[in-house]
>>> print(open('input.csv').read())   # CSV, C-alpha atoms
chain,number,residue,atom,x,y,z
F,1,MET,CA,0.0,0.0,0.0
F,2,PHE,CA,2.8,2.4,0.9
F,3,SER,CA,4.4,1.7,-2.5
F,4,GLY,CA,1.1,2.5,-4.2
F,5,ILE,CA,0.8,5.8,-2.4
F,6,LEU,CA,4.4,6.8,-3.2
F,7,GLY,CA,4.0,5.7,-6.8
F,8,SER,CA,1.1,8.1,-7.2
F,9,VAL,CA,2.8,11.0,-5.5
F,10,PRO,CA,4.9,12.2,-8.5
F,11,ALA,CA,1.8,12.4,-10.8
F,12,LEU,CA,-0.1,14.2,-8.0
F,13,SER,CA,2.8,16.6,-7.5
F,14,VAL,CA,3.0,17.4,-11.2
F,15,ALA,CA,-0.8,18.0,-11.3
F,16,ILE,CA,-0.5,20.4,-8.4
F,17,LEU,CA,2.4,22.3,-10.2
F,18,LEU,CA,0.4,22.6,-13.4
F,19,LEU,CA,-3.1,23.3,-12.1
F,20,VAL,CA,-2.8,25.1,-8.7
F,21,ASN,CA,-0.4,27.6,-10.2
F,22,THR,CA,-2.3,28.3,-13.3
F,23,HIS,CA,-3.4,32.0,-13.4
F,24,ALA,CA,-5.0,34.4,-15.8
F,25,VAL,CA,-2.8,37.0,-17.6
F,26,ALA,CA,-4.9,39.8,-19.1
F,27,GLN,CA,-3.7,43.4,-19.3
F,28,SER,CA,-6.5,46.1,-19.3
F,29,GLN,CA,-6.2,48.9,-21.9
F,30,VAL,CA,-7.7,52.4,-21.9
F,31,PHE,CA,-9.3,53.5,-25.2
F,32,THR,CA,-10.2,57.1,-25.6
F,33,PHE,CA,-12.4,58.2,-28.5
F,34,GLU,CA,-12.3,62.0,-29.2
F,35,GLN,CA,-12.8,63.6,-32.6
F,36,GLY,CA,-9.5,64.8,-34.1
F,37,VAL,CA,-7.2,63.1,-31.6
F,38,THR,CA,-4.6,60.9,-33.2
F,39,GLY,CA,-6.6,61.1,-36.5
F,40,TYR,CA,-9.9,59.7,-35.0
F,41,THR,CA,-13.0,60.8,-37.0
F,42,GLY,CA,-15.7,58.5,-35.7
F,43,PHE,CA,-17.5,60.7,-33.2
F,44,ASP,CA,-21.0,61.8,-34.4
F,45,ASP,CA,-23.4,64.1,-32.6
F,46,THR,CA,-26.4,66.2,-33.5
F,47,THR,CA,-29.5,67.9,-32.1
F,48,ILE,CA,-33.2,67.1,-33.0
F,49,PHE,CA,-35.8,69.8,-32.6
F,50,SER,CA,-39.5,69.1,-31.7
F,51,GLU,CA,-40.9,72.2,-33.5
F,52,SER,CA,-39.4,71.5,-36.9
F,53,GLU,CA,-37.8,69.1,-39.3
F,54,ASN,CA,-34.6,71.0,-39.0
F,55,ALA,CA,-31.3,69.3,-38.2
F,56,GLY,CA,-28.1,70.4,-36.4
F,57,GLY,CA,-25.3,68.0,-37.1
F,58,GLY,CA,-22.7,70.6,-38.2
F,59,THR,CA,-23.2,72.9,-35.1
F,60,PRO,CA,-20.2,73.2,-32.8
F,61,GLY,CA,-22.6,72.4,-30.0
F,62,ILE,CA,-25.5,70.1,-29.2
F,63,PHE,CA,-28.6,71.0,-27.2
F,64,SER,CA,-30.8,69.2,-24.7
F,65,GLY,CA,-33.7,70.7,-22.8
F,66,THR,CA,-36.7,72.9,-23.5
F,67,ILE,CA,-37.2,76.5,-24.7
F,68,GLN,CA,-40.3,78.6,-25.3
F,69,ASN,CA,-40.1,80.8,-28.4
F,70,LEU,CA,-43.1,82.9,-29.3
F,71,ASP,CA,-42.2,82.6,-33.0
F,72,PHE,CA,-43.5,79.1,-32.8
F,73,GLY,CA,-46.9,80.0,-31.4
F,74,GLY,CA,-45.8,80.1,-27.7
F,75,ASN,CA,-45.5,76.4,-27.5
F,76,ARG,CA,-42.6,74.9,-25.7
F,77,GLN,CA,-39.9,73.4,-28.0
F,78,HIS,CA,-37.8,70.4,-26.9
F,79,ARG,CA,-34.2,69.6,-27.9
F,80,ARG,CA,-32.6,66.2,-27.6
F,81,ALA,CA,-29.0,65.3,-28.4
F,82,LEU,CA,-27.9,62.2,-30.3
F,83,LEU,CA,-24.3,60.9,-30.1
F,84,ARG,CA,-22.4,57.9,-31.3
F,85,ALA,CA,-18.7,56.9,-31.3
F,86,ASP,CA,-17.1,54.3,-33.6
F,87,ILE,CA,-15.4,51.9,-31.2
F,88,SER,CA,-14.7,49.1,-33.7
F,89,THR,CA,-11.0,49.2,-32.9
F,90,ILE,CA,-11.7,47.3,-29.7
F,91,PRO,CA,-11.5,43.5,-30.5
F,92,SER,CA,-14.9,41.9,-30.5
F,93,ASN,CA,-14.0,39.3,-27.9
F,94,TRP,CA,-12.6,41.8,-25.3
F,95,ILE,CA,-14.3,42.3,-22.0
F,96,VAL,CA,-15.4,45.9,-21.1
F,97,GLU,CA,-14.6,46.9,-17.5
F,98,ASN,CA,-15.4,50.6,-17.3
F,99,VAL,CA,-17.0,53.3,-19.5
F,100,SER,CA,-17.3,57.1,-19.1
F,101,LEU,CA,-18.7,59.8,-21.4
F,102,THR,CA,-17.7,63.4,-20.9
F,103,PHE,CA,-19.2,66.6,-22.3
F,104,THR,CA,-18.4,70.2,-21.4
F,105,VAL,CA,-21.2,72.7,-21.0
F,106,GLN,CA,-20.9,75.6,-23.5
F,107,SER,CA,-23.8,77.7,-22.3
F,108,SER,CA,-26.7,77.3,-19.9
F,109,GLY,CA,-30.0,79.2,-20.7
F,110,GLY,CA,-30.8,81.5,-17.8
F,111,ASN,CA,-27.4,80.7,-16.2
F,112,PHE,CA,-29.1,78.3,-13.9
F,113,GLY,CA,-27.3,75.5,-12.1
F,114,ASN,CA,-27.3,71.7,-12.2
F,115,ILE,CA,-29.9,69.7,-14.2
F,116,ASP,CA,-29.8,65.9,-14.5
F,117,TYR,CA,-29.6,64.5,-17.9
F,118,THR,CA,-30.3,60.8,-18.7
F,119,LEU,CA,-28.5,58.7,-21.3
F,120,HIS,CA,-30.5,56.1,-23.2
F,121,ARG,CA,-29.3,53.5,-25.7
F,122,VAL,CA,-30.6,54.3,-29.2
F,123,THR,CA,-32.0,51.3,-31.1
F,124,ASP,CA,-32.1,52.5,-34.8
F,125,SER,CA,-29.6,54.0,-37.1
F,126,TRP,CA,-29.5,57.8,-37.7
F,127,GLY,CA,-27.6,60.4,-39.7
F,128,GLU,CA,-25.5,63.3,-38.3
F,129,GLY,CA,-25.6,65.6,-41.3
F,130,SER,CA,-23.9,69.0,-41.4
F,131,ALA,CA,-26.7,71.6,-40.9
F,132,ILE,CA,-25.9,74.5,-38.5
F,133,GLY,CA,-28.5,77.4,-38.8
F,134,PRO,CA,-28.7,80.8,-37.0
F,135,SER,CA,-28.7,81.6,-33.2
F,136,GLY,CA,-25.6,79.5,-32.6
F,137,GLY,CA,-27.4,76.5,-34.0
F,138,GLY,CA,-30.2,76.6,-31.4
F,139,PHE,CA,-32.9,76.1,-34.1
F,140,GLY,CA,-31.0,74.0,-36.6
F,141,ASP,CA,-31.3,74.4,-40.3
F,142,THR,CA,-33.0,72.7,-43.2
F,143,ALA,CA,-32.3,69.0,-43.1
F,144,GLN,CA,-30.6,67.3,-45.9
F,145,THR,CA,-31.4,63.8,-47.1
F,146,GLY,CA,-30.1,61.4,-44.4
F,147,ASP,CA,-30.0,63.8,-41.5
F,148,ALA,CA,-31.6,63.0,-38.2
F,149,THR,CA,-34.6,65.1,-37.2
F,150,TRP,CA,-37.4,64.9,-34.6
F,151,LEU,CA,-39.5,62.9,-37.0
F,152,SER,CA,-36.9,61.1,-39.2
F,153,ARG,CA,-33.8,59.1,-38.3
F,154,HIS,CA,-32.8,59.6,-41.9
F,155,HIS,CA,-34.5,62.6,-43.5
F,156,ASN,CA,-36.4,61.7,-46.7
F,157,SER,CA,-35.6,58.0,-46.1
F,158,ALA,CA,-36.7,56.6,-42.8
F,159,LEU,CA,-38.9,57.8,-39.9
F,160,TRP,CA,-38.4,57.1,-36.2
F,161,ALA,CA,-40.9,54.5,-34.9
F,162,VAL,CA,-41.6,57.1,-32.2
F,163,THR,CA,-41.1,60.8,-32.8
F,164,GLY,CA,-38.2,62.2,-30.8
F,165,GLY,CA,-36.0,59.1,-31.4
F,166,ASP,CA,-36.1,55.3,-30.9
F,167,PHE,CA,-34.4,54.4,-27.7
F,168,VAL,CA,-34.6,52.1,-24.7
F,169,VAL,CA,-36.9,53.7,-22.1
F,170,SER,CA,-34.8,52.5,-19.1
F,171,LEU,CA,-31.9,54.8,-18.7
F,172,SER,CA,-28.3,53.7,-19.1
F,173,ALA,CA,-26.9,56.5,-16.9
F,174,VAL,CA,-27.7,59.9,-15.4
F,175,ALA,CA,-25.3,62.9,-14.8
F,176,ALA,CA,-25.7,66.5,-13.7
F,177,ALA,CA,-24.7,69.3,-16.0
F,178,GLY,CA,-24.1,72.7,-14.5
F,179,THR,CA,-23.1,76.2,-15.7
F,180,ALA,CA,-20.9,77.1,-18.6
F,181,GLY,CA,-17.5,75.6,-18.5
F,182,THR,CA,-18.4,72.8,-16.1
F,183,VAL,CA,-18.1,69.1,-17.1
F,184,ALA,CA,-20.8,66.4,-17.1
F,185,THR,CA,-19.6,62.8,-17.0
F,186,TRP,CA,-21.8,59.8,-17.3
F,187,THR,CA,-20.6,56.4,-16.0
F,188,SER,CA,-22.5,53.3,-14.9
F,189,GLN,CA,-22.9,49.6,-15.2
F,190,GLY,CA,-25.7,50.3,-17.7
F,191,MET,CA,-23.2,52.0,-20.0
F,192,ILE,CA,-20.8,49.0,-19.6
F,193,ASN,CA,-23.6,46.7,-20.7
F,194,ASP,CA,-24.3,48.9,-23.7
F,195,VAL,CA,-20.7,49.1,-24.8
F,196,GLN,CA,-20.1,45.4,-24.3
F,197,GLN,CA,-23.0,44.8,-26.7
F,198,TRP,CA,-21.4,47.2,-29.2
F,199,VAL,CA,-18.0,45.7,-28.9
F,200,SER,CA,-19.4,42.2,-29.4
F,201,SER,CA,-21.6,43.3,-32.3
F,202,PRO,CA,-20.4,46.6,-33.8
F,203,ALA,CA,-23.4,46.8,-36.2
F,204,SER,CA,-25.6,47.3,-33.1
F,205,ASN,CA,-23.9,50.5,-32.1
F,206,GLN,CA,-26.3,53.4,-32.6
F,207,GLY,CA,-25.1,55.4,-29.6
F,208,TRP,CA,-27.1,57.2,-27.0
F,209,ILE,CA,-29.6,60.0,-26.7
F,210,ILE,CA,-29.3,62.7,-24.0
F,211,ILE,CA,-32.6,63.9,-22.5
F,212,SER,CA,-33.2,66.4,-19.7
F,213,THR,CA,-35.0,65.0,-16.7
F,214,ILE,CA,-37.1,68.2,-16.6
F,215,GLU,CA,-37.9,68.3,-20.3
F,216,GLY,CA,-40.9,70.5,-20.7
F,217,THR,CA,-39.8,73.1,-18.2
F,218,ARG,CA,-39.3,76.2,-20.3
F,219,GLN,CA,-36.0,78.0,-20.6
F,220,ARG,CA,-34.1,75.1,-19.2
F,221,VAL,CA,-31.8,74.0,-22.0
F,222,LYS,CA,-28.1,73.5,-22.0
F,223,LYS,CA,-25.7,73.6,-24.9
F,224,PHE,CA,-22.7,71.2,-24.8
F,225,TYR,CA,-19.6,71.5,-26.9
F,226,SER,CA,-19.8,69.0,-29.8
F,227,SER,CA,-17.4,67.0,-31.9
F,228,GLU,CA,-17.4,69.9,-34.4
F,229,SER,CA,-16.1,72.3,-31.8
F,230,THR,CA,-12.5,73.5,-32.0
F,231,ASN,CA,-12.0,72.9,-28.3
F,232,SER,CA,-13.5,71.0,-25.3
F,233,ARG,CA,-14.7,68.3,-27.5
F,234,PRO,CA,-16.6,65.4,-25.9
F,235,PHE,CA,-14.9,62.0,-25.5
F,236,LEU,CA,-15.8,58.5,-24.7
F,237,GLN,CA,-13.3,56.5,-22.6
F,238,ILE,CA,-13.5,52.7,-22.3
F,239,VAL,CA,-11.4,50.3,-20.2
F,240,ALA,CA,-11.3,46.8,-21.7
F,241,ARG,CA,-9.2,43.7,-21.5
F,242,PRO,CA,-8.6,40.6,-23.6
F,243,PRO,CA,-10.1,37.3,-22.5
F,244,ALA,CA,-8.1,35.6,-19.8
F,245,VAL,CA,-5.2,33.4,-21.0
F,246,SER,CA,-4.1,30.6,-18.6
F,247,THR,CA,-0.4,30.1,-18.1
F,248,PRO,CA,1.4,27.8,-15.7
F,249,THR,CA,3.8,29.2,-13.1
F,250,VAL,CA,5.7,27.5,-10.4
F,251,ARG,CA,6.0,28.7,-6.8
F,252,PRO,CA,9.2,27.9,-4.8
F,253,GLY,CA,7.2,26.2,-2.1
F,254,LEU,CA,5.7,23.7,-4.6
F,255,TRP,CA,9.2,23.0,-6.0
F,256,PHE,CA,10.2,22.0,-2.5
F,257,VAL,CA,7.3,19.6,-2.2
F,258,LEU,CA,8.2,18.0,-5.5
F,259,ILE,CA,11.9,17.7,-4.5
F,260,PHE,CA,10.9,16.1,-1.1
F,261,VAL,CA,8.7,13.5,-2.8
F,262,ILE,CA,11.5,12.6,-5.3
F,263,GLY,CA,13.9,12.2,-2.4
F,264,LEU,CA,11.5,9.8,-0.7
F,265,LEU,CA,11.3,7.8,-3.8
F,266,ALA,CA,15.0,7.7,-4.1
F,267,ILE,CA,15.4,6.4,-0.6
F,268,LYS,CA,12.7,3.8,-1.1
F,269,ARG,CA,14.4,2.6,-4.3
F,270,LYS,CA,17.8,2.3,-2.6
F,271,THR,CA,16.2,0.4,0.3
F,272,ILE,CA,14.7,-2.1,-2.1
F,273,GLN,CA,18.0,-2.6,-4.0
F,274,ASN,CA,19.9,-3.3,-0.7
F,275,ARG,CA,17.5,-6.1,0.3
>>> encode(input="input.csv", output="structure tokens")
Amino acid sequence: MFSGILGSVPALSVAILLLVNTHAVAQSQVFTFEQGVTGYTGFDDTTIFSESENAGGGTPGIFSGTIQNLDFGGNRQHRRALLRADISTIPSNWIVENVSLTFTVQSSGGNFGNIDYTLHRVTDSWGEGSAIGPSGGGFGDTAQTGDATWLSRHHNSALWAVTGGDFVVSLSAVAAAGTAGTVATWTSQGMINDVQQWVSSPASNQGWIIISTIEGTRQRVKKFYSSESTNSRPFLQIVARPPAVSTPTVRPGLWFVLIFVIGLLAIKRKTIQNR
């Protein structure tokens, strides 16, 4: 019996060395997507306007919130901001660990303080376009074919299923935006889930829509610097890592165990030979 136990020890020791010491080696990497940085051109953003079929993809700012302009009959006019970043440089099998989206407030109507803005995952494709328009782009300009508007995700081509954009009702994240010059940053597990889906299936990436939590309250609209701005452009930052790769390593303590077992076997063999 003793011989059987000893005979099995070498195999057991090797198994311990190979299995117990196996560990995952996966280095996380930070990806930053900002228009114009290191040649990146994949950041799209635009504003859609509830009172018109205008578009605003070329404006150096995007808007979200509500105004009340008497030129439109005194009704309140809503603005929502669409954004999307091409993140296809991240390998499709990588694991997303963290996500943050940062915008800088360019102006704040009425110079009021913080307002919470929700981020929702958009479910249909849309076009950015290049319309700007007067008043700093606050009313947009005539939409061209393919531009996103309040009614159309691609003007003259495809309507939204629901006016104002097709998006997941449950929010992905919420962040406060303050006065001019302050920064709003969204980060959440919901955003990680969204981005993981886009990494795994790049064709599903239609970005997010930014909506004011007090949409409908007049004169409460904020303008954020957009990807067309010459400074303070928005950026999306993603931390991701490759799948774990198992590699064997050997700890000094386990080497000692193996040497000890081999020594016992040598003593046993010598004892048998001397009989």
>>> atom_distance(input="input.csv", atom1="atom CA of Leu171 of chain F", atom2="atom CA of Leu82 of chain F")
14.3 Å
>>> atom_distance(input="input.csv", atom1="atom CA of Trp150 of chain F", atom2="atom CA of Asp194 of chain F")
23.4 Å
>>> closest_residue(input="input.csv", among="F:Ala143, F:Ile209, F:Val122, F:Val195", to="Asp166 of chain F", atoms="all atoms listed in the file")
F:Val122
>>> atom_distance(input="input.csv", atom1="atom CA of Thr89 of chain F", atom2="atom CA of Gly165 of chain F")
26.9 Å
>>> closest_residue(input="input.csv", among="F:Arg233, F:His120, F:His154, F:Arg241", to="Glu34 of chain F", atoms="all atoms listed in the file")
F:Arg233
>>> closest_residue(input="input.csv", among="F:Gly190, F:Gly133, F:Pro243, F:Pro202", to="Asn98 of chain F", atoms="only C-alpha atoms")
F:Gly190
>>> closest_residue(input="input.csv", among="F:Ser64, F:Thr41, F:Ser28, F:Val199", to="Gly216 of chain F", atoms="all atoms listed in the file")
F:Ser64
>>> closest_residue(input="input.csv", among="F:Gly207, F:Pro60, F:Gly39, F:Pro234", to="Gly136 of chain F", atoms="all atoms listed in the file")
F:Pro60
>>> closest_residue(input="input.csv", among="F:Asp116, F:Asp45, F:Asp124, F:Asp147", to="Lys222 of chain F", atoms="all atoms listed in the file")
F:Asp116
>>> residues_around(input="input.csv", residues="Asp86 of chain F", least_positions_apart="3", cutoff="12 Å", atoms="all atoms listed in the file", output="VMD selection string")
chain F and resid 31 to 35 40 to 45 83 89 to 90 195 198 to 199 201 to 207 235 to 238
